[in-house]
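Quick look at start_39.cif (mmCIF, C-alpha atoms):
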```
data_protein
loop_
_atom_site.label_atom_id
_atom_site.label_comp_id
_atom_site.auth_asym_id
_atom_site.auth_seq_id
_atom_site.Cartn_x
_atom_site.Cartn_y
_atom_site.Cartn_z
CA MET A 1 13.24 5.61 18.85
CA ILE A 2 12.05 6.20 15.28
CA TYR A 3 14.58 6.20 12.44
CA TYR A 4 13.41 7.45 9.05
CA PHE A 5 15.53 6.31 6.07
CA ILE A 6 15.02 8.04 2.72
CA LYS A 7 16.11 6.96 -0.75
CA GLN A 8 14.42 6.61 -4.13
CA SER A 9 13.29 3.21 -5.42
CA GLY A 10 16.19 0.87 -6.14
CA GLY A 11 18.60 2.92 -4.04
CA GLY A 12 19.40 0.28 -1.43
CA LYS A 13 16.68 0.76 1.22
CA SER A 14 15.60 -2.87 1.48
CA ALA A 15 19.20 -4.06 1.29
CA LEU A 16 20.20 -1.75 4.15
CA ALA A 17 17.27 -2.84 6.31
CA THR A 18 18.28 -6.45 5.77
CA ALA A 19 21.93 -5.67 6.50
CA PHE A 20 20.98 -4.08 9.83
CA MET A 21 18.69 -6.93 10.83
CA THR A 22 20.67 -10.06 9.90
CA GLN A 23 22.71 -9.85 13.11
CA PHE A 24 19.51 -9.57 15.17
CA MET A 25 17.92 -12.58 13.48
CA GLU A 26 21.08 -14.56 14.22
CA VAL A 27 21.10 -13.23 17.83
CA GLN A 28 24.82 -12.46 17.65
CA ASN A 29 26.91 -11.79 20.76
CA THR A 30 28.49 -8.67 19.29
CA VAL A 31 26.92 -5.80 17.37
CA ASN A 32 27.99 -4.40 14.00
CA ARG A 33 27.67 -0.62 14.35
CA ASP A 34 27.93 2.28 11.94
CA THR A 35 31.33 4.01 11.84
CA LYS A 36 30.31 7.09 13.87
CA GLU A 37 27.96 5.13 16.16
CA LEU A 38 25.04 7.46 15.46
CA LEU A 39 22.30 4.83 15.14
CA GLY A 40 21.08 4.06 18.64
CA PHE A 41 19.23 0.84 17.80
CA LEU A 42 22.65 -0.70 17.15
CA GLU A 43 23.93 0.03 20.66
CA MET A 44 22.66 -3.15 22.30
CA THR A 45 23.98 -6.51 21.16
CA PRO A 46 21.36 -8.74 19.52
CA ARG A 47 21.67 -11.29 22.31
CA ASP A 48 21.16 -8.67 25.02
CA ARG A 49 18.19 -7.28 23.12
CA LEU A 50 16.57 -10.72 23.00
CA LYS A 51 17.27 -11.19 26.72
CA LEU A 52 15.48 -7.90 27.40
CA SER A 53 12.53 -9.04 25.28
CA HIS A 54 12.27 -12.31 27.20
CA LYS A 55 12.56 -10.49 30.53
CA LEU A 56 9.71 -8.16 29.57
CA THR A 57 7.61 -11.09 28.34
CA ASP A 58 8.13 -12.82 31.70
CA TYR A 59 7.09 -9.60 33.45
CA PHE A 60 3.72 -9.53 31.67
CA ASN A 61 3.17 -13.29 31.97
CA ALA A 62 3.66 -12.98 35.71
CA LYS A 63 0.65 -10.66 35.71
CA GLY A 64 -1.56 -13.30 34.12
CA TYR A 65 -0.83 -13.12 30.38
CA ASN A 66 0.34 -16.09 28.33
CA PHE A 67 2.67 -14.60 25.72
CA LYS A 68 5.16 -16.78 23.85
CA LYS A 69 8.79 -15.72 23.79
CA ALA A 70 10.26 -14.58 20.49
CA GLU A 71 13.11 -16.38 18.74
CA HIS A 72 14.66 -13.05 17.77
CA THR A 73 13.62 -9.38 17.77
CA VAL A 74 12.92 -8.53 14.09
CA TRP A 75 9.45 -7.76 12.62
CA SER A 76 9.07 -6.46 9.07
CA ASN A 77 6.88 -6.25 5.98
CA LEU A 78 10.02 -7.30 4.07
CA GLY A 79 11.03 -10.92 3.67
CA MET A 80 14.47 -11.50 5.26
CA TRP A 81 16.36 -14.67 6.02
CA THR A 82 19.70 -15.91 7.25
CA ARG A 83 21.35 -19.02 8.69
CA ARG A 84 22.63 -19.76 12.17
CA PHE A 85 24.35 -23.07 12.85
CA GLY A 86 22.82 -24.41 9.64
CA LYS A 87 19.27 -23.42 10.63
CA GLU A 88 17.37 -21.02 8.38
CA ILE A 89 15.85 -18.08 10.24
CA THR A 90 13.31 -15.60 8.87
CA ASN A 91 11.96 -12.34 10.24
CA TYR A 92 8.56 -12.19 11.90
CA ASP A 93 5.98 -10.90 9.44
CA MET A 94 4.41 -7.47 10.01
CA PRO A 95 2.44 -6.17 7.00
CA LEU A 96 2.22 -2.38 7.03
CA HIS A 97 -1.56 -2.32 7.36
CA ARG A 98 -1.33 -4.56 10.46
CA VAL A 99 0.87 -2.09 12.35
CA GLY A 100 -1.09 -0.41 15.13
CA LEU A 101 -2.56 -0.68 18.60
CA TYR A 102 -5.80 -2.51 19.34
CA ASP A 103 -8.83 -1.58 17.26
CA LYS A 104 -12.03 -3.57 17.69
CA LYS A 105 -12.90 -2.90 14.03
CA TYR A 106 -9.54 -3.93 12.58
CA VAL A 107 -7.04 -6.73 13.23
CA THR A 108 -3.59 -5.47 14.27
CA TRP A 109 -0.51 -7.53 15.08
CA THR A 110 1.75 -7.01 18.10
CA PRO A 111 5.52 -7.60 18.14
CA ALA A 112 7.25 -8.81 21.29
CA PRO A 113 8.37 -6.07 23.69
CA GLY A 114 11.88 -4.84 22.99
CA GLY A 115 11.60 -5.63 19.28
CA ILE A 116 12.62 -3.79 16.11
CA VAL A 117 9.85 -3.07 13.58
CA ILE A 118 10.83 -2.41 9.95
CA MET A 119 8.32 -0.50 7.79
CA ASP A 120 9.35 -0.43 4.14
CA GLU A 121 7.55 1.91 1.69
CA MET A 122 6.15 3.78 4.68
CA GLN A 123 4.46 6.36 2.46
CA GLU A 124 1.79 3.77 1.65
CA VAL A 125 0.17 4.01 5.09
CA ALA A 126 1.39 7.36 6.43
CA ASP A 127 1.10 9.92 3.65
CA GLY A 128 2.55 13.30 4.59
CA ARG A 129 -0.41 15.39 3.43
CA ASP A 130 -1.93 17.33 6.32
CA SER A 131 -5.37 16.84 4.77
CA MET A 132 -5.11 13.11 5.51
CA SER A 133 -5.24 11.89 9.11
CA LEU A 134 -3.81 8.61 10.36
CA PRO A 135 -6.13 6.01 11.85
CA THR A 136 -6.07 6.27 15.63
CA ARG A 137 -4.48 2.81 15.91
CA THR A 138 -1.49 3.92 13.79
CA SER A 139 -1.17 7.35 15.38
CA ALA A 140 -1.12 5.79 18.86
CA TYR A 141 1.54 3.33 17.73
CA ALA A 142 3.79 6.24 16.71
CA GLN A 143 3.23 8.02 20.02
CA LEU A 144 3.50 5.04 22.36
CA HIS A 145 6.00 2.65 20.73
CA ARG A 146 8.66 3.39 23.36
CA LYS A 147 6.30 2.17 26.10
CA TRP A 148 6.75 -1.29 24.55
CA ARG A 149 10.54 -0.67 24.19
CA LEU A 150 10.32 -0.77 20.38
CA ASP A 151 12.58 0.80 17.79
CA LEU A 152 10.84 1.71 14.52
CA LEU A 153 12.86 1.79 11.30
CA LEU A 154 10.89 3.53 8.53
CA PHE A 155 12.04 3.34 4.90
CA SER A 156 10.49 5.51 2.21
CA GLN A 157 11.00 6.89 -1.29
CA ARG A 158 9.61 10.22 -0.09
CA ASP A 159 10.90 12.68 2.46
CA LYS A 160 7.55 13.51 4.00
CA VAL A 161 5.53 10.92 5.85
CA ASP A 162 2.88 11.81 8.41
CA LYS A 163 3.98 14.32 11.06
CA GLN A 164 3.28 11.81 13.84
CA PHE A 165 6.36 9.97 12.60
CA ARG A 166 8.52 12.64 10.94
CA GLU A 167 8.43 15.07 13.89
CA ASN A 168 9.56 12.39 16.34
CA CYS A 169 12.49 10.75 14.60
CA LYS A 170 16.01 10.85 13.26
CA ILE A 171 16.23 11.40 9.50
CA ILE A 172 18.79 9.34 7.56
CA LEU A 173 19.50 9.98 3.89
CA ILE A 174 21.01 7.03 2.03
CA THR A 175 23.41 8.70 -0.40
CA ASP A 176 25.47 5.76 -1.68
CA MET A 177 25.69 1.98 -1.75
CA LYS A 178 28.88 0.28 -2.95
CA HIS A 179 29.66 -3.42 -3.29
CA LYS A 180 33.15 -4.84 -2.84
CA THR A 181 33.91 -7.95 -4.89
CA ASP A 182 36.65 -10.55 -4.88
CA LYS A 183 38.78 -11.44 -7.92
CA TYR A 184 36.03 -13.77 -9.15
CA GLY A 185 33.36 -11.07 -9.10
CA PHE A 186 31.50 -12.31 -6.00
CA ILE A 187 30.24 -9.69 -3.54
CA VAL A 188 32.13 -9.87 -0.25
CA SER A 189 30.79 -6.73 1.42
CA THR A 190 28.48 -3.77 0.90
CA THR A 191 28.92 -0.27 2.35
CA TRP A 192 26.26 2.43 2.61
CA THR A 193 26.98 6.14 3.12
CA LEU A 194 24.41 7.80 5.38
CA LEU A 195 23.68 11.42 6.32
CA VAL A 196 22.13 11.54 9.80
CA PHE A 197 19.93 14.47 10.89
CA GLU A 198 18.98 14.64 14.55
CA ASP A 199 15.46 15.79 13.72
CA PHE A 200 13.26 16.98 10.86
CA ARG A 201 14.08 20.67 11.40
CA TYR A 202 17.73 20.07 10.55
CA TYR A 203 16.72 18.13 7.46
CA GLU A 204 14.41 20.92 6.29
CA ALA A 205 17.20 23.47 6.80
CA TYR A 206 19.59 21.25 4.85
CA LYS A 207 17.20 21.00 1.91
CA GLY A 208 17.17 24.77 1.59
CA SER A 209 20.92 25.26 1.96
CA MET A 210 22.64 21.88 1.29
CA ASN A 211 24.89 22.85 4.21
CA SER A 212 26.74 19.98 5.85
CA LYS A 213 26.49 21.61 9.30
CA TYR A 214 23.02 20.12 9.64
CA TYR A 215 24.06 16.46 9.45
CA LYS A 216 26.74 13.97 10.42
CA GLU A 217 28.00 11.47 7.87
CA THR A 218 28.49 7.84 8.80
CA LYS A 219 28.95 4.54 6.99
CA TYR A 220 27.62 1.06 7.56
CA THR A 221 29.24 -2.08 6.16
CA PHE A 222 27.71 -5.52 5.82
CA TYR A 223 30.20 -8.37 5.35
CA GLY A 224 29.12 -11.10 2.97
CA CYS A 225 26.67 -10.97 0.06
CA ILE A 226 23.58 -9.05 1.13
CA PHE A 227 21.56 -10.56 -1.72
CA ASP A 228 21.78 -13.94 0.02
CA HIS A 229 19.45 -12.57 2.71
CA TYR A 230 16.50 -10.99 0.89
CA ASP A 231 14.71 -11.04 -2.45
CA SER A 232 15.21 -7.77 -4.32
CA HIS A 233 12.32 -8.79 -6.63
CA GLU A 234 9.80 -9.16 -3.81
CA GLY A 235 6.57 -7.62 -5.08
CA GLU A 236 6.53 -9.44 -8.43
CA GLU A 237 3.72 -11.47 -6.90
CA TYR A 238 1.36 -8.53 -7.36
CA PHE A 239 1.91 -8.51 -11.11
CA ALA A 240 1.62 -12.29 -11.52
CA GLU A 241 -1.69 -12.37 -9.63
CA CYS A 242 -3.00 -9.35 -11.52
CA ALA A 243 -2.24 -11.10 -14.83
CA ALA A 244 -3.86 -14.32 -13.63
CA LYS A 245 -7.04 -12.51 -12.58
CA HIS A 246 -7.37 -10.50 -15.79
CA GLY A 247 -6.80 -13.00 -18.57
CA GLY A 248 -3.03 -13.44 -18.54
CA ILE A 249 -0.10 -11.31 -19.65
CA SER A 250 -1.23 -8.46 -21.92
CA LEU A 251 0.04 -9.16 -25.43
CA ARG A 252 -2.40 -7.01 -27.38
CA LYS A 253 -0.48 -5.37 -30.21
CA ALA A 254 -0.78 -1.66 -30.85
CA GLU A 255 -2.68 -0.86 -34.02
CA LYS A 256 -0.56 1.09 -36.45
CA LYS A 257 -3.37 2.11 -38.80
CA ARG A 258 -6.82 3.35 -37.83
CA THR A 259 -8.96 3.83 -40.91
CA THR A 260 -12.52 3.93 -39.56
CA ARG A 261 -14.45 5.68 -36.84
CA GLU A 262 -14.80 2.33 -35.09
CA ASP A 263 -11.00 2.12 -34.94
CA PHE A 264 -10.83 5.63 -33.51
CA ASN A 265 -13.45 4.81 -30.86
CA LYS A 266 -11.58 1.65 -29.83
CA PHE A 267 -8.37 3.67 -29.41
CA VAL A 268 -10.04 6.33 -27.26
CA THR A 269 -11.70 3.63 -25.12
CA ASN A 270 -8.37 1.90 -24.44
CA HIS A 271 -6.39 5.14 -24.05
CA PRO A 272 -8.67 7.72 -22.36
CA TYR A 273 -7.14 11.19 -22.09
CA THR A 274 -8.34 11.44 -18.47
CA ALA A 275 -8.10 8.54 -16.05
CA PRO A 276 -11.38 6.77 -15.21
CA SER A 277 -12.84 8.27 -12.04
CA GLU A 278 -12.21 5.16 -9.94
CA TYR A 279 -8.46 5.42 -10.62
CA ARG A 280 -8.01 9.09 -9.87
CA LYS A 281 -6.20 10.27 -6.78
CA GLY A 282 -8.64 10.65 -3.93
CA ALA A 283 -11.31 8.46 -5.55
CA LYS A 284 -13.52 6.49 -3.18
CA LYS A 285 -13.12 3.15 -4.98
#
```
Transcribe the structure of this file into structure tokens.
Amino acid sequence: MIYYFIKQSGGGKSALATAFMTQFMEVQNTVNRDTKELLGFLEMTPRDRLKLSHKLTDYFNAKGYNFKKAEHTVWSNLGMWTRRFGKEITNYDMPLHRVGLYDKKYVTWTPAPGGIVIMDEMQEVADGRDSMSLPTRTSAYAQLHRKWRLDLLLFSQRDKVDKQFRENCKIILITDMKHKTDKYGFIVSTTWTLLVFEDFRYYEAYKGSMNSKYYKETKYTFYGCIFDHYDSHEGEEYFAECAAKHGGISLRKAEKKRTTREDFNKFVTNHPYTAPSEYRKGAKK
């Protein structure tokens, strides 16, 4: 199944993904479900899900493959971690651009059968514009993921990713995230409020009417401090490397006075009124 979670930047998407997945990385015997039990990927206990994955891996190995068995069932482009019996466990890495079926011209990565694949900032690789088509490898992944017994959890700031995904999923709006603290100010639990739409048609109808008949509300609570399990500043690496490659942190002071034509020309060069062609939307570079 595909689950499509929507919330603007900083609204708790990555935290919720991590909250869902911690139990699967720890391979718990029981499952922590949402209050109305609307999210199907939470039906099976993490341990049973891993058993299914191992059973499927054995099935293919018996046919002549030599696949290794997974330690848990979580793949994501987010960094997540937890501890089980004192051992640190991390998710299996799955960068967004590596998601897809086999393509002889491009390297894709394959999760174990029965796994859960988290795709954060999904709009980066599956823009909703009809004028843009998905690569065949990604389109096939959306169509055939259930053949590999996968659940796909998509997280996005936008409410319109490519139709291959949005027309074959449940839509979940994240409307609230609240932390509960103890008397010392430490976070002891976090609860998200979620509006669940059975398909994209109900969500589209809701947008035009804001009528609650199109969704069911549920809540999900993570016990403990969610920030102990992921880095909310992940992505700062892009800025550090950009600075390193382009002469360091930009500390050029703005010029208050411009008294010559040379000053004017320097200003226009540094602050063009139209973006350089290579930075415009749709540019080839």
So which residues are close to (8.9, -9.7, 14.0), meaning at most 10 Å away in the file's coordinates with only C-alpha atoms counted, and can you show them as a PDB file with C-alpha atoms, in the coordinates of the input?
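Output saved as result22.pdb:
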```pdb
ATOM      1  CA  MET A  25      17.920 -12.580  13.480  1.00  0.00           C
ATOM      2  CA  ALA A  70      10.260 -14.580  20.490  1.00  0.00           C
ATOM      3  CA  GLU A  71      13.110 -16.380  18.740  1.00  0.00           C
ATOM      4  CA  HIS A  72      14.660 -13.050  17.770  1.00  0.00           C
ATOM      5  CA  THR A  73      13.620  -9.380  17.770  1.00  0.00           C
ATOM      6  CA  VAL A  74      12.920  -8.530  14.090  1.00  0.00           C
ATOM      7  CA  TRP A  75       9.450  -7.760  12.620  1.00  0.00           C
ATOM      8  CA  SER A  76       9.070  -6.460   9.070  1.00  0.00           C
ATOM      9  CA  ASN A  77       6.880  -6.250   5.980  1.00  0.00           C
ATOM     10  CA  THR A  90      13.310 -15.600   8.870  1.00  0.00           C
ATOM     11  CA  ASN A  91      11.960 -12.340  10.240  1.00  0.00           C
ATOM     12  CA  TYR A  92       8.560 -12.190  11.900  1.00  0.00           C
ATOM     13  CA  ASP A  93       5.980 -10.900   9.440  1.00  0.00           C
ATOM     14  CA  MET A  94       4.410  -7.470  10.010  1.00  0.00           C
ATOM     15  CA  TRP A 109      -0.510  -7.530  15.080  1.00  0.00           C
ATOM     16  CA  THR A 110       1.750  -7.010  18.100  1.00  0.00           C
ATOM     17  CA  PRO A 111       5.520  -7.600  18.140  1.00  0.00           C
ATOM     18  CA  ALA A 112       7.250  -8.810  21.290  1.00  0.00           C
ATOM     19  CA  GLY A 115      11.600  -5.630  19.280  1.00  0.00           C
ATOM     20  CA  ILE A 116      12.620  -3.790  16.110  1.00  0.00           C
ATOM     21  CA  VAL A 117       9.850  -3.070  13.580  1.00  0.00           C
ATOM     22  CA  ILE A 118      10.830  -2.410   9.950  1.00  0.00           C
TER      23      ILE A 118
END
```
Among A:Met177, A:Ala19, A:Leu50, A:Ile171, Tyr4 of chain A is approached most closely, using only C-alpha atoms, by A:Ile171
Do you have, as a tab-separated table, the list of residues of segment 34-146 of chain A lying at most 7 Å from segment 229-250 of chain A, each with its nearest atom pair and that distance in Å to one decimal, counting all atoms listed in the file and ordered by chain then number?
```
residue	atom	partner	partner_atom	distance
A:Gly79	CA	A:Tyr230	CA	6.1
A:Met80	CA	A:Tyr230	CA	4.8
A:Trp81	CA	A:His229	CA	5.0
A:Thr82	CA	A:His229	CA	5.6
```
Name the residues captured by the PyMOL selection byres ((chain A and resi 97) around 12) when it is applied to the shown file; answer as a JSON list (two decimals) with C-alpha atoms, in the coordinates of the input.
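Output (part35.json):
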```json
[["chain", "number", "residue", "atom", "x", "y", "z"],
["A", 76, "SER", "CA", 9.07, -6.46, 9.07],
["A", 77, "ASN", "CA", 6.88, -6.25, 5.98],
["A", 93, "ASP", "CA", 5.98, -10.90, 9.44],
["A", 94, "MET", "CA", 4.41, -7.47, 10.01],
["A", 95, "PRO", "CA", 2.44, -6.17, 7.00],
["A", 96, "LEU", "CA", 2.22, -2.38, 7.03],
["A", 98, "ARG", "CA", -1.33, -4.56, 10.46],
["A", 99, "VAL", "CA", 0.87, -2.09, 12.35],
["A", 100, "GLY", "CA", -1.09, -0.41, 15.13],
["A", 101, "LEU", "CA", -2.56, -0.68, 18.60],
["A", 106, "TYR", "CA", -9.54, -3.93, 12.58],
["A", 107, "VAL", "CA", -7.04, -6.73, 13.23],
["A", 108, "THR", "CA", -3.59, -5.47, 14.27],
["A", 109, "TRP", "CA", -0.51, -7.53, 15.08],
["A", 119, "MET", "CA", 8.32, -0.50, 7.79],
["A", 120, "ASP", "CA", 9.35, -0.43, 4.14],
["A", 121, "GLU", "CA", 7.55, 1.91, 1.69],
["A", 122, "MET", "CA", 6.15, 3.78, 4.68],
["A", 123, "GLN", "CA", 4.46, 6.36, 2.46],
["A", 124, "GLU", "CA", 1.79, 3.77, 1.65],
["A", 125, "VAL", "CA", 0.17, 4.01, 5.09],
["A", 126, "ALA", "CA", 1.39, 7.36, 6.43],
["A", 134, "LEU", "CA", -3.81, 8.61, 10.36],
["A", 135, "PRO", "CA", -6.13, 6.01, 11.85],
["A", 137, "ARG", "CA", -4.48, 2.81, 15.91],
["A", 138, "THR", "CA", -1.49, 3.92, 13.79]]
```
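With distances restricted to all atoms listed in the file, A:Thr22 is the closest residue to Glu88 of chain A from A:Thr22, A:Gln157, A:Gln143, A:Thr45.
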The PyMOL selection byres ((chain A and resi 55) around 12) applied to the shown file, residues as a PyMOL selection string: chain A and resi 48-54+56-62+67-70+112-114+149
How about saving the chosen residues, C-alpha atoms kept, as an mmCIF file, in the coordinates of the input?
```
data_model
loop_
_atom_site.group_PDB
_atom_site.id
_atom_site.type_symbol
_atom_site.label_atom_id
_atom_site.label_comp_id
_atom_site.auth_asym_id
_atom_site.auth_seq_id
_atom_site.Cartn_x
_atom_site.Cartn_y
_atom_site.Cartn_z
ATOM 1 C CA ASP A 48 21.160 -8.670 25.020
ATOM 2 C CA ARG A 49 18.190 -7.280 23.120
ATOM 3 C CA LEU A 50 16.570 -10.720 23.000
ATOM 4 C CA LYS A 51 17.270 -11.190 26.720
ATOM 5 C CA LEU A 52 15.480 -7.900 27.400
ATOM 6 C CA SER A 53 12.530 -9.040 25.280
ATOM 7 C CA HIS A 54 12.270 -12.310 27.200
ATOM 8 C CA LEU A 56 9.710 -8.160 29.570
ATOM 9 C CA THR A 57 7.610 -11.090 28.340
ATOM 10 C CA ASP A 58 8.130 -12.820 31.700
ATOM 11 C CA TYR A 59 7.090 -9.600 33.450
ATOM 12 C CA PHE A 60 3.720 -9.530 31.670
ATOM 13 C CA ASN A 61 3.170 -13.290 31.970
ATOM 14 C CA ALA A 62 3.660 -12.980 35.710
ATOM 15 C CA PHE A 67 2.670 -14.600 25.720
ATOM 16 C CA LYS A 68 5.160 -16.780 23.850
ATOM 17 C CA LYS A 69 8.790 -15.720 23.790
ATOM 18 C CA ALA A 70 10.260 -14.580 20.490
ATOM 19 C CA ALA A 112 7.250 -8.810 21.290
ATOM 20 C CA PRO A 113 8.370 -6.070 23.690
ATOM 21 C CA GLY A 114 11.880 -4.840 22.990
ATOM 22 C CA ARG A 149 10.540 -0.670 24.190
#
```
Can you tell me, as a PDB file with C-alpha atoms, in the frame of the given file, what residues are no more than 9 Å from Val31 of chain A when counting all atoms listed in the file, ignoring any on the same chain fewer than 5 positions away?
```pdb
ATOM      1  CA  GLN A  23      22.710  -9.850  13.110  1.00  0.00           C
ATOM      2  CA  PHE A  24      19.510  -9.570  15.170  1.00  0.00           C
ATOM      3  CA  LEU A  42      22.650  -0.700  17.150  1.00  0.00           C
ATOM      4  CA  GLU A  43      23.930   0.030  20.660  1.00  0.00           C
ATOM      5  CA  MET A  44      22.660  -3.150  22.300  1.00  0.00           C
ATOM      6  CA  THR A  45      23.980  -6.510  21.160  1.00  0.00           C
ATOM      7  CA  PRO A  46      21.360  -8.740  19.520  1.00  0.00           C
TER       8      PRO A  46
END
```
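The two atoms in question, atom CA of Arg33 of chain A and atom CA of Tyr184 of chain A, are spaced 28.2 Å apart.
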Using only C-alpha atoms, which protein or nucleic acid residues come within 9 Å of Ile2 of chain A? Drop anything in the same chain fewer than 5 positions from it, and give the result as a ChimeraX atom specification. /A:142,145,150-154,165-166,168-171
Separation of atom CA of Ser209 of chain A from atom CA of Thr193 of chain A in Å: 20.1 Å
Nearby residues (only C-alpha atoms) at most 12 Å from Ser212 of chain A, same-chain spacing under 3 positions excluded, as an mmCIF file with C-alpha atoms, in the frame of the given file:
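Here's the written file out.cif:
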```cif
data_model
loop_
_atom_site.group_PDB
_atom_site.id
_atom_site.type_symbol
_atom_site.label_atom_id
_atom_site.label_comp_id
_atom_site.auth_asym_id
_atom_site.auth_seq_id
_atom_site.Cartn_x
_atom_site.Cartn_y
_atom_site.Cartn_z
ATOM 1 C CA LEU A 195 23.680 11.420 6.320
ATOM 2 C CA VAL A 196 22.130 11.540 9.800
ATOM 3 C CA PHE A 197 19.930 14.470 10.890
ATOM 4 C CA TYR A 202 17.730 20.070 10.550
ATOM 5 C CA TYR A 203 16.720 18.130 7.460
ATOM 6 C CA ALA A 205 17.200 23.470 6.800
ATOM 7 C CA TYR A 206 19.590 21.250 4.850
ATOM 8 C CA LYS A 207 17.200 21.000 1.910
ATOM 9 C CA GLY A 208 17.170 24.770 1.590
ATOM 10 C CA SER A 209 20.920 25.260 1.960
ATOM 11 C CA TYR A 215 24.060 16.460 9.450
ATOM 12 C CA LYS A 216 26.740 13.970 10.420
ATOM 13 C CA GLU A 217 28.000 11.470 7.870
#
```
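The two atoms in question, atom CA of Gly224 of chain A and atom CA of Thr190 of chain A, are spaced 7.6 Å apart.
The shortest atom-to-atom distance to Ser189 of chain A, with all atoms listed in the file taken into account, belongs to A:Ala15 out of A:Ala15, A:Ala275, A:Val161, A:Leu251.
Residue nearest Asn29 of chain A, chosen from A:Thr260, A:Arg47, A:Phe85, A:Ser133 and counting only C-alpha atoms: A:Arg47.
Restricting the calculation to only C-alpha atoms, the smallest distance between Phe200 of chain A and any of A:Leu144, A:Lys105, A:Asp34, A:Tyr3 is found for A:Tyr3.
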